[in-house]
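Participant: My structure is stored as structure14.tsv, with TSV, C-alpha atoms.
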```tsv
chain	number	residue	atom	x	y	z
A	1	MET	CA	-34.15	65.39	-99.30
A	2	ILE	CA	-32.85	61.99	-98.19
A	3	ASN	CA	-30.84	61.85	-94.97
A	4	LEU	CA	-28.49	58.99	-95.81
A	5	GLN	CA	-26.58	59.32	-92.54
A	6	ASN	CA	-29.80	58.76	-90.60
A	7	TYR	CA	-30.69	55.85	-92.87
A	8	ILE	CA	-27.36	54.08	-92.36
A	9	SER	CA	-27.49	54.62	-88.60
A	10	ILE	CA	-31.13	53.52	-88.17
A	11	HIS	CA	-30.76	50.57	-90.54
A	12	SER	CA	-27.73	49.31	-88.62
A	13	GLU	CA	-29.47	49.81	-85.27
A	14	LEU	CA	-32.56	47.90	-86.41
A	15	GLN	CA	-30.56	45.08	-87.96
A	16	ALA	CA	-28.94	44.51	-84.57
A	17	SER	CA	-32.39	44.06	-83.00
A	18	ASN	CA	-33.77	42.05	-85.95
A	19	THR	CA	-36.44	44.72	-86.62
A	20	GLN	CA	-37.62	45.50	-90.14
A	21	LEU	CA	-37.41	49.10	-91.35
A	22	ILE	CA	-40.37	50.27	-93.42
A	23	ALA	CA	-39.47	53.55	-95.11
A	24	VAL	CA	-42.65	55.64	-95.20
A	25	SER	CA	-42.56	57.41	-98.55
A	26	LYS	CA	-46.02	59.00	-98.71
A	27	THR	CA	-46.03	62.37	-100.53
A	28	LYS	CA	-42.35	61.90	-101.41
A	29	PRO	CA	-41.15	62.01	-105.04
A	30	ILE	CA	-39.99	59.00	-107.03
A	31	SER	CA	-36.43	60.39	-107.03
A	32	ASP	CA	-36.23	60.26	-103.22
A	33	ILE	CA	-37.53	56.69	-103.09
A	34	GLN	CA	-35.09	55.69	-105.83
A	35	GLU	CA	-32.20	57.25	-103.90
A	36	LEU	CA	-33.07	55.35	-100.74
A	37	HIS	CA	-33.55	52.15	-102.75
A	38	ASP	CA	-30.12	52.65	-104.33
A	39	ALA	CA	-28.70	52.91	-100.79
A	40	GLY	CA	-30.10	49.46	-100.01
A	41	GLN	CA	-33.65	49.99	-98.70
A	42	GLN	CA	-36.15	47.56	-100.23
A	43	VAL	CA	-39.28	47.94	-98.07
A	44	PHE	CA	-41.45	51.03	-98.49
A	45	GLY	CA	-44.79	52.01	-96.95
A	46	GLU	CA	-47.50	54.16	-98.53
A	47	ASN	CA	-50.73	55.55	-97.05
A	48	TYR	CA	-52.82	56.41	-100.11
A	49	VAL	CA	-53.99	53.92	-102.74
A	50	GLN	CA	-53.82	56.24	-105.75
A	51	GLU	CA	-50.35	57.47	-104.84
A	52	LEU	CA	-49.08	53.91	-104.43
A	53	VAL	CA	-50.66	52.79	-107.72
A	54	ASP	CA	-48.97	55.73	-109.49
A	55	LYS	CA	-45.54	55.10	-107.95
A	56	GLN	CA	-45.29	51.31	-108.12
A	57	PRO	CA	-44.75	50.90	-111.90
A	58	GLN	CA	-42.17	53.70	-111.97
A	59	LEU	CA	-39.85	51.96	-109.51
A	60	SER	CA	-37.86	48.75	-109.25
A	61	ALA	CA	-39.82	45.49	-109.28
A	62	ASP	CA	-37.86	44.23	-106.27
A	63	ILE	CA	-39.38	46.85	-103.93
A	64	GLN	CA	-41.59	45.29	-101.26
A	65	TRP	CA	-44.60	47.59	-100.92
A	66	HIS	CA	-46.53	47.81	-97.64
A	67	PHE	CA	-49.86	49.63	-97.46
A	68	ILE	CA	-49.97	51.29	-94.05
A	69	GLY	CA	-52.95	53.66	-94.31
A	70	HIS	CA	-56.66	53.17	-93.74
A	71	LEU	CA	-57.93	50.98	-96.58
A	72	GLN	CA	-61.47	50.94	-97.97
A	73	SER	CA	-62.75	47.62	-99.34
A	74	ASN	CA	-63.51	49.09	-102.76
A	75	LYS	CA	-59.86	50.15	-103.21
A	76	VAL	CA	-58.27	46.75	-102.50
A	77	LYS	CA	-58.43	45.66	-106.15
A	78	TYR	CA	-56.03	48.42	-107.19
A	79	ILE	CA	-53.16	47.28	-104.97
A	80	ALA	CA	-53.86	43.53	-104.85
A	81	PRO	CA	-51.68	42.75	-107.91
A	82	PHE	CA	-48.48	43.79	-106.14
A	83	VAL	CA	-48.83	44.79	-102.46
A	84	HIS	CA	-46.82	42.61	-100.05
A	85	THR	CA	-48.42	43.49	-96.69
A	86	ILE	CA	-51.51	45.45	-95.64
A	87	HIS	CA	-50.98	46.86	-92.14
A	88	ALA	CA	-54.26	48.36	-91.08
A	89	VAL	CA	-56.94	45.67	-91.37
A	90	ASP	CA	-59.83	46.55	-89.06
A	91	SER	CA	-62.78	44.42	-90.21
A	92	LEU	CA	-63.78	40.97	-91.42
A	93	LYS	CA	-65.36	42.60	-94.48
A	94	LEU	CA	-61.98	44.02	-95.48
A	95	LEU	CA	-60.22	40.67	-94.97
A	96	ILE	CA	-62.80	38.92	-97.15
A	97	GLU	CA	-62.22	41.46	-99.92
A	98	ILE	CA	-58.44	41.19	-99.68
A	99	ASP	CA	-58.70	37.39	-99.90
A	100	LYS	CA	-60.99	37.69	-102.93
A	101	GLN	CA	-58.76	40.15	-104.80
A	102	ALA	CA	-55.59	38.23	-103.91
A	103	ALA	CA	-57.18	35.07	-105.36
A	104	LYS	CA	-58.03	36.91	-108.60
A	105	ASN	CA	-54.34	37.80	-108.90
A	106	ASN	CA	-53.15	34.33	-107.85
A	107	ARG	CA	-51.31	35.83	-104.88
A	108	ILE	CA	-51.10	35.58	-101.10
A	109	ILE	CA	-51.16	38.91	-99.25
A	110	ASN	CA	-49.92	39.37	-95.69
A	111	CYS	CA	-52.32	41.18	-93.35
A	112	LEU	CA	-51.85	42.82	-89.96
A	113	LEU	CA	-54.83	43.46	-87.68
A	114	GLN	CA	-54.97	47.08	-86.51
A	115	LEU	CA	-55.29	47.66	-82.78
A	116	HIS	CA	-56.52	51.04	-81.53
A	117	ILE	CA	-54.40	51.80	-78.48
A	118	ALA	CA	-53.98	55.59	-78.62
A	119	ASP	CA	-56.05	58.25	-76.86
A	120	GLU	CA	-56.93	60.04	-80.09
A	121	GLU	CA	-60.36	59.22	-81.47
A	122	THR	CA	-59.16	60.01	-84.98
A	123	LYS	CA	-57.01	56.89	-85.24
A	124	PHE	CA	-58.58	53.79	-86.76
A	125	GLY	CA	-58.42	50.24	-85.45
A	126	LEU	CA	-60.09	47.78	-83.09
A	127	ASP	CA	-60.19	47.87	-79.32
A	128	GLU	CA	-59.06	44.78	-77.40
A	129	SER	CA	-62.43	43.00	-77.27
A	130	GLU	CA	-63.13	43.73	-80.95
A	131	MET	CA	-59.70	42.33	-81.80
A	132	TYR	CA	-60.47	39.01	-80.10
A	133	GLU	CA	-63.87	38.90	-81.78
A	134	LEU	CA	-62.28	39.42	-85.21
A	135	ALA	CA	-59.64	36.75	-84.50
A	136	SER	CA	-62.43	34.33	-83.56
A	137	ASN	CA	-64.28	35.13	-86.79
A	138	ILE	CA	-61.10	34.60	-88.81
A	139	GLN	CA	-60.84	31.08	-87.42
A	140	GLN	CA	-64.23	30.29	-88.90
A	141	GLN	CA	-63.26	31.47	-92.39
A	142	ASN	CA	-61.44	29.40	-94.98
A	143	PHE	CA	-59.06	32.05	-96.24
A	144	LYS	CA	-56.74	30.74	-98.96
A	145	ASN	CA	-55.06	33.91	-100.22
A	146	ILE	CA	-54.24	35.92	-97.11
A	147	LEU	CA	-51.98	35.31	-94.14
A	148	ILE	CA	-52.56	36.97	-90.76
A	149	THR	CA	-48.97	37.80	-89.87
A	150	GLY	CA	-49.49	39.93	-86.76
A	151	ILE	CA	-50.87	43.22	-85.48
A	152	MET	CA	-50.26	46.92	-86.02
A	153	ALA	CA	-50.77	49.88	-83.68
A	154	MET	CA	-49.98	53.57	-83.25
A	155	ALA	CA	-49.22	55.15	-79.88
A	156	THR	CA	-50.76	58.39	-78.68
A	157	ASN	CA	-49.11	61.48	-80.18
A	158	THR	CA	-47.55	62.81	-76.98
A	159	ASP	CA	-44.18	63.73	-75.47
A	160	ASP	CA	-44.97	61.52	-72.46
A	161	GLU	CA	-42.59	58.60	-73.04
A	162	HIS	CA	-43.96	56.66	-70.07
A	163	LYS	CA	-47.46	56.75	-71.59
A	164	ILE	CA	-46.14	55.64	-75.00
A	165	GLU	CA	-44.17	52.81	-73.42
A	166	GLN	CA	-47.21	51.60	-71.47
A	167	GLU	CA	-49.25	51.58	-74.70
A	168	PHE	CA	-46.54	49.59	-76.50
A	169	ILE	CA	-46.36	47.09	-73.61
A	170	CYS	CA	-50.14	46.66	-73.90
A	171	VAL	CA	-49.84	46.01	-77.66
A	172	LYS	CA	-47.27	43.27	-77.00
A	173	GLN	CA	-49.51	41.68	-74.35
A	174	ILE	CA	-52.48	41.63	-76.75
A	175	PHE	CA	-50.27	40.22	-79.53
A	176	ASP	CA	-49.17	37.42	-77.17
A	177	LYS	CA	-52.76	36.64	-76.11
A	178	LEU	CA	-53.89	36.49	-79.74
A	179	LYS	CA	-51.00	34.14	-80.52
A	180	LEU	CA	-51.89	31.86	-77.61
A	181	ASP	CA	-55.65	31.80	-78.13
A	182	TYR	CA	-56.07	32.08	-81.91
A	183	PHE	CA	-52.84	31.73	-83.88
A	184	SER	CA	-50.80	29.19	-81.88
A	185	SER	CA	-50.43	26.90	-84.90
A	186	SER	CA	-49.35	29.70	-87.26
A	187	ASN	CA	-45.65	30.18	-87.96
A	188	GLU	CA	-46.52	33.31	-89.95
A	189	TYR	CA	-48.12	35.15	-87.02
A	190	LYS	CA	-45.01	36.88	-85.67
A	191	GLU	CA	-45.08	40.60	-86.56
A	192	ILE	CA	-45.77	43.64	-84.39
A	193	SER	CA	-45.82	46.79	-86.51
A	194	MET	CA	-45.45	49.69	-84.08
A	195	GLY	CA	-43.12	52.64	-83.75
A	196	MET	CA	-42.52	55.67	-85.96
A	197	SER	CA	-39.82	58.33	-86.27
A	198	SER	CA	-40.53	59.84	-82.86
A	199	ASP	CA	-40.92	56.65	-80.81
A	200	TYR	CA	-39.34	53.73	-82.69
A	201	LYS	CA	-36.62	53.13	-80.05
A	202	LEU	CA	-39.29	52.61	-77.37
A	203	ALA	CA	-41.26	50.39	-79.74
A	204	VAL	CA	-38.26	48.13	-80.41
A	205	LYS	CA	-37.59	47.91	-76.69
A	206	CYS	CA	-41.20	46.74	-76.20
A	207	GLY	CA	-41.07	44.05	-78.87
A	208	SER	CA	-41.78	45.71	-82.23
A	209	THR	CA	-40.64	43.71	-85.26
A	210	MET	CA	-41.48	46.43	-87.83
A	211	VAL	CA	-41.07	50.19	-87.51
A	212	ARG	CA	-42.58	52.71	-89.92
A	213	ILE	CA	-40.15	55.61	-90.34
A	214	GLY	CA	-40.65	58.57	-92.64
A	215	SER	CA	-39.42	62.00	-91.52
A	216	LEU	CA	-36.07	60.79	-90.15
A	217	LEU	CA	-35.26	59.42	-93.61
A	218	PHE	CA	-37.04	61.75	-96.01
A	219	GLY	CA	-37.22	64.96	-93.98
A	220	SER	CA	-40.40	66.54	-92.69
A	221	ARG	CA	-43.49	66.69	-94.91
A	222	ASN	CA	-44.90	69.88	-96.35
```
Kindly transcribe the structure held in the file into structure tokens.

Facilitator:
Amino acid sequence: MINLQNYISIHSELQASNTQLIAVSKTKPISDIQELHDAGQQVFGENYVQELVDKQPQLSADIQWHFIGHLQSNKVKYIAPFVHTIHAVDSLKLLIEIDKQAAKNNRIINCLLQLHIADEETKFGLDESEMYELASNIQQQNFKNILITGIMAMATNTDDEHKIEQEFICVKQIFDKLKLDYFSSSNEYKEISMGMSSDYKLAVKCGSTMVRIGSLLFGSRN
């Protein structure tokens, strides 16, 4: 069930701060996505390859699809023909595969490097030193069909707003250091994907340029 009031309010709020809204539509039916698209939303995020591959041809060609879940290298080929941005890149191996599959489809795919900042061990991503190591390795590659457009992170799942804010501040600091040391000549490196339904206001305050919001728009998941 789409909450259009929430959508209008959040969309307006984010426009004022120049932050992109990614509507997280995982497990939600085509009809709900279509309704939100009809209301003006064009950017949607999915977590599962098969679900995204099933949904994409059933919906408008002008939808900008972002893959926001953990992605295995052997699944890249299924989304490479149409995906706009891949948010959770956590290895050089995965980047090489995305570049290869993007080239096969004569496309350029945007990629965000995933930083692990939360306390939970279950979340994927690179720690700070691994992030700098990957950025250094990227510099030595001759990628033609991907663009590193920024970083992505998830805060700890907690009610402690101070802790969440400190994590978001840390993400922004690492983003800035990566820009300075590795991507200073890139105009495309400008995105920080952080913040979800429960913490997006804090994320925007701390410098997020993309927030991934699901339950506030689509209602809670089963």

Participant: With all atoms listed in the file as the counted atoms, please give the residues lying no more than 9 Å from Lys179 of chain A, apart from itself and same-chain residues fewer than 4 positions off, as a short mmCIF file (atom, residue, chain, number, x, y, z; two decimals) with C-alpha atoms, in the coordinates of the input.

Facilitator:
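Okay, this is what ended up in result.cif:
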```
data_model
loop_
_atom_site.label_atom_id
_atom_site.label_comp_id
_atom_site.auth_asym_id
_atom_site.auth_seq_id
_atom_site.Cartn_x
_atom_site.Cartn_y
_atom_site.Cartn_z
CA GLY A 150 -49.49 39.93 -86.76
CA ILE A 174 -52.48 41.63 -76.75
CA PHE A 175 -50.27 40.22 -79.53
CA PHE A 183 -52.84 31.73 -83.88
CA SER A 184 -50.80 29.19 -81.88
CA SER A 185 -50.43 26.90 -84.90
CA SER A 186 -49.35 29.70 -87.26
CA TYR A 189 -48.12 35.15 -87.02
CA LYS A 190 -45.01 36.88 -85.67
#
```

Participant: Just how far from atom CA of Leu94 of chain A is atom CA of Asn137 of chain A, in Å to one decimal?

Facilitator: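 Going from atom CA of Asn137 of chain A over to atom CA of Leu94 of chain A covers 12.6 Å.
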
Participant: Distance atom CA of Ser12 of chain A-atom CA of Asp160 of chain A, one decimal place?

Facilitator: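 Distance reported for this atom pair: 26.6 Å.
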
Participant: Using Å and a single decimal, report how far atom CA of Leu217 of chain A sits from atom CA of Ala16 of chain A.

Facilitator: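 Separation of atom CA of Ala16 of chain A and atom CA of Leu217 of chain A: 18.5 Å.
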
Participant: A:Ile138, A:His70, A:Asp119, A:Ile146: which is nearest Ala103 of chain A, counting all atoms listed in the file?

Facilitator: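 Of A:Ile138, A:His70, A:Asp119, A:Ile146, the one nearest Ala103 of chain A is A:Ile146, counting all atoms listed in the file.
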
Participant: Compile the contact shell of Phe218 of chain A as an MDAnalysis selection string: residues with an atom at most 7 Å away, counting all atoms listed in the file, same-chain residues fewer than 5 positions apart removed.

Facilitator: chainID A and resid 1:3

Participant: I'd like the neighbourhood of His87 of chain A as a PDB file with C-alpha atoms, in the frame of the given file, where a residue qualifies if any of its atoms comes within 7 Å (using all atoms listed in the file), though same-chain residues fewer than 6 positions away should be ignored.

Facilitator:
```pdb
ATOM      1  CA  PHE A  67     -49.860  49.630 -97.460  1.00  0.00           C
ATOM      2  CA  ILE A  68     -49.970  51.290 -94.050  1.00  0.00           C
ATOM      3  CA  CYS A 111     -52.320  41.180 -93.350  1.00  0.00           C
ATOM      4  CA  LEU A 112     -51.850  42.820 -89.960  1.00  0.00           C
ATOM      5  CA  LEU A 113     -54.830  43.460 -87.680  1.00  0.00           C
ATOM      6  CA  GLN A 114     -54.970  47.080 -86.510  1.00  0.00           C
ATOM      7  CA  MET A 152     -50.260  46.920 -86.020  1.00  0.00           C
TER       8      MET A 152
END
```

Participant: Choose the residue, out of A:Val171, A:Ile98, A:Ile30, A:Leu126, that has the smallest atom-to-atom separation from Gln58 of chain A; count all atoms listed in the file.

Facilitator: A:Ile30

Participant: Using all atoms listed in the file for the distances, tell me which of A:Val53, A:Leu147, A:Ile63, A:Leu71 is nearest to Ala23 of chain A.

Facilitator: A:Ile63

Participant: Name the closest residue to Ser129 of chain A among the candidates A:Lys104, A:Lys55, A:His162, A:Lys177; distances are taken between atoms, counting all atoms listed in the file.

Facilitator: A:Lys177

Participant: For Gln141 of chain A, which of A:Val211, A:Asp99, A:Asp176, A:Ser197 is the closest residue, counting all atoms listed in the file?

Facilitator: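 Of all the options, A:Asp99 lies closest to Gln141 of chain A.
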
Participant: Just give me the residues with any atom within 9 Å of (-46.6, 50.7, -83.1), file coordinates, counting only C-alpha atoms, written as a list in words.

Facilitator: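 Protein, DNA and RNA residues close to (-46.6, 50.7, -83.1): Ile151, Met152, Ala153, Met154, Ala155, Glu167, Phe168, Val171, Ile192, Ser193, Met194, Gly195, Met196, Asp199, Tyr200, Ala203, Ser208, Met210, Val211 and Arg212 of chain A.
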
Participant: Select, from A:Gly207, A:Asn18, A:Glu128, A:Ala88, the residue with the minimum atom-to-atom distance to Ile148 of chain A, counting only C-alpha atoms.

Facilitator: A:Ala88

Participant: Please supply segment 200-211 of chain A, rebuilt with all heavy atoms, as a compact mmCIF listing (two decimals), keeping the file's coordinate frame.

Facilitator:
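Result went into part-v4.txt, see below:
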```txt
# COMPACT_ATOMS: atom_id res chain seq x y z
N TYR A 200 -39.69 55.09 -82.26
CA TYR A 200 -39.34 53.73 -82.69
C TYR A 200 -38.41 53.02 -81.71
O TYR A 200 -38.48 51.79 -81.56
CB TYR A 200 -38.75 53.74 -84.11
CG TYR A 200 -37.30 54.17 -84.20
CD1 TYR A 200 -36.27 53.22 -84.13
CD2 TYR A 200 -36.95 55.50 -84.38
CE1 TYR A 200 -34.95 53.61 -84.21
CE2 TYR A 200 -35.63 55.89 -84.47
CZ TYR A 200 -34.63 54.94 -84.38
OH TYR A 200 -33.32 55.32 -84.47
N LYS A 201 -37.54 53.77 -81.01
CA LYS A 201 -36.62 53.13 -80.05
C LYS A 201 -37.41 52.47 -78.91
O LYS A 201 -37.10 51.35 -78.49
CB LYS A 201 -35.62 54.15 -79.49
CG LYS A 201 -34.58 54.61 -80.50
CD LYS A 201 -33.69 55.70 -79.90
CE LYS A 201 -32.78 56.34 -80.93
NZ LYS A 201 -31.61 55.50 -81.25
N LEU A 202 -38.42 53.17 -78.41
CA LEU A 202 -39.29 52.61 -77.37
C LEU A 202 -40.04 51.39 -77.90
O LEU A 202 -40.19 50.39 -77.20
CB LEU A 202 -40.31 53.65 -76.91
CG LEU A 202 -39.93 54.57 -75.75
CD1 LEU A 202 -41.06 55.56 -75.48
CD2 LEU A 202 -39.61 53.79 -74.48
N ALA A 203 -40.50 51.49 -79.14
CA ALA A 203 -41.26 50.39 -79.74
C ALA A 203 -40.41 49.12 -79.84
O ALA A 203 -40.86 48.03 -79.51
CB ALA A 203 -41.78 50.80 -81.12
N VAL A 204 -39.17 49.28 -80.29
CA VAL A 204 -38.26 48.13 -80.41
C VAL A 204 -38.00 47.52 -79.05
O VAL A 204 -38.03 46.29 -78.88
CB VAL A 204 -36.95 48.56 -81.11
CG1 VAL A 204 -35.92 47.43 -81.04
CG2 VAL A 204 -37.21 48.96 -82.55
N LYS A 205 -37.80 48.38 -78.06
CA LYS A 205 -37.59 47.91 -76.69
C LYS A 205 -38.77 47.07 -76.19
O LYS A 205 -38.60 46.12 -75.42
CB LYS A 205 -37.39 49.13 -75.78
CG LYS A 205 -37.23 48.83 -74.30
CD LYS A 205 -37.15 50.14 -73.50
CE LYS A 205 -37.40 49.91 -72.02
NZ LYS A 205 -37.54 51.16 -71.26
N CYS A 206 -39.97 47.42 -76.65
CA CYS A 206 -41.20 46.74 -76.20
C CYS A 206 -41.61 45.57 -77.10
O CYS A 206 -42.68 45.00 -76.91
CB CYS A 206 -42.34 47.74 -76.09
SG CYS A 206 -42.07 49.00 -74.83
N GLY A 207 -40.80 45.25 -78.09
CA GLY A 207 -41.07 44.05 -78.87
C GLY A 207 -41.50 44.24 -80.31
O GLY A 207 -41.88 43.28 -80.99
N SER A 208 -41.42 45.47 -80.83
CA SER A 208 -41.78 45.71 -82.23
C SER A 208 -40.87 44.92 -83.17
O SER A 208 -39.66 44.83 -82.93
CB SER A 208 -41.69 47.20 -82.55
OG SER A 208 -41.94 47.41 -83.93
N THR A 209 -41.45 44.39 -84.24
CA THR A 209 -40.64 43.71 -85.26
C THR A 209 -40.61 44.50 -86.56
O THR A 209 -39.86 44.18 -87.48
CB THR A 209 -41.22 42.31 -85.58
OG1 THR A 209 -42.50 42.45 -86.20
CG2 THR A 209 -41.35 41.46 -84.32
N MET A 210 -41.44 45.55 -86.65
CA MET A 210 -41.48 46.43 -87.83
C MET A 210 -41.68 47.85 -87.36
O MET A 210 -42.60 48.11 -86.58
CB MET A 210 -42.66 46.09 -88.74
CG MET A 210 -42.64 44.76 -89.44
SD MET A 210 -44.22 44.55 -90.36
CE MET A 210 -43.76 43.19 -91.42
N VAL A 211 -40.84 48.78 -87.83
CA VAL A 211 -41.07 50.19 -87.51
C VAL A 211 -41.29 50.96 -88.81
O VAL A 211 -40.69 50.65 -89.84
CB VAL A 211 -39.91 50.81 -86.69
CG1 VAL A 211 -39.84 50.19 -85.32
CG2 VAL A 211 -38.58 50.67 -87.41
```
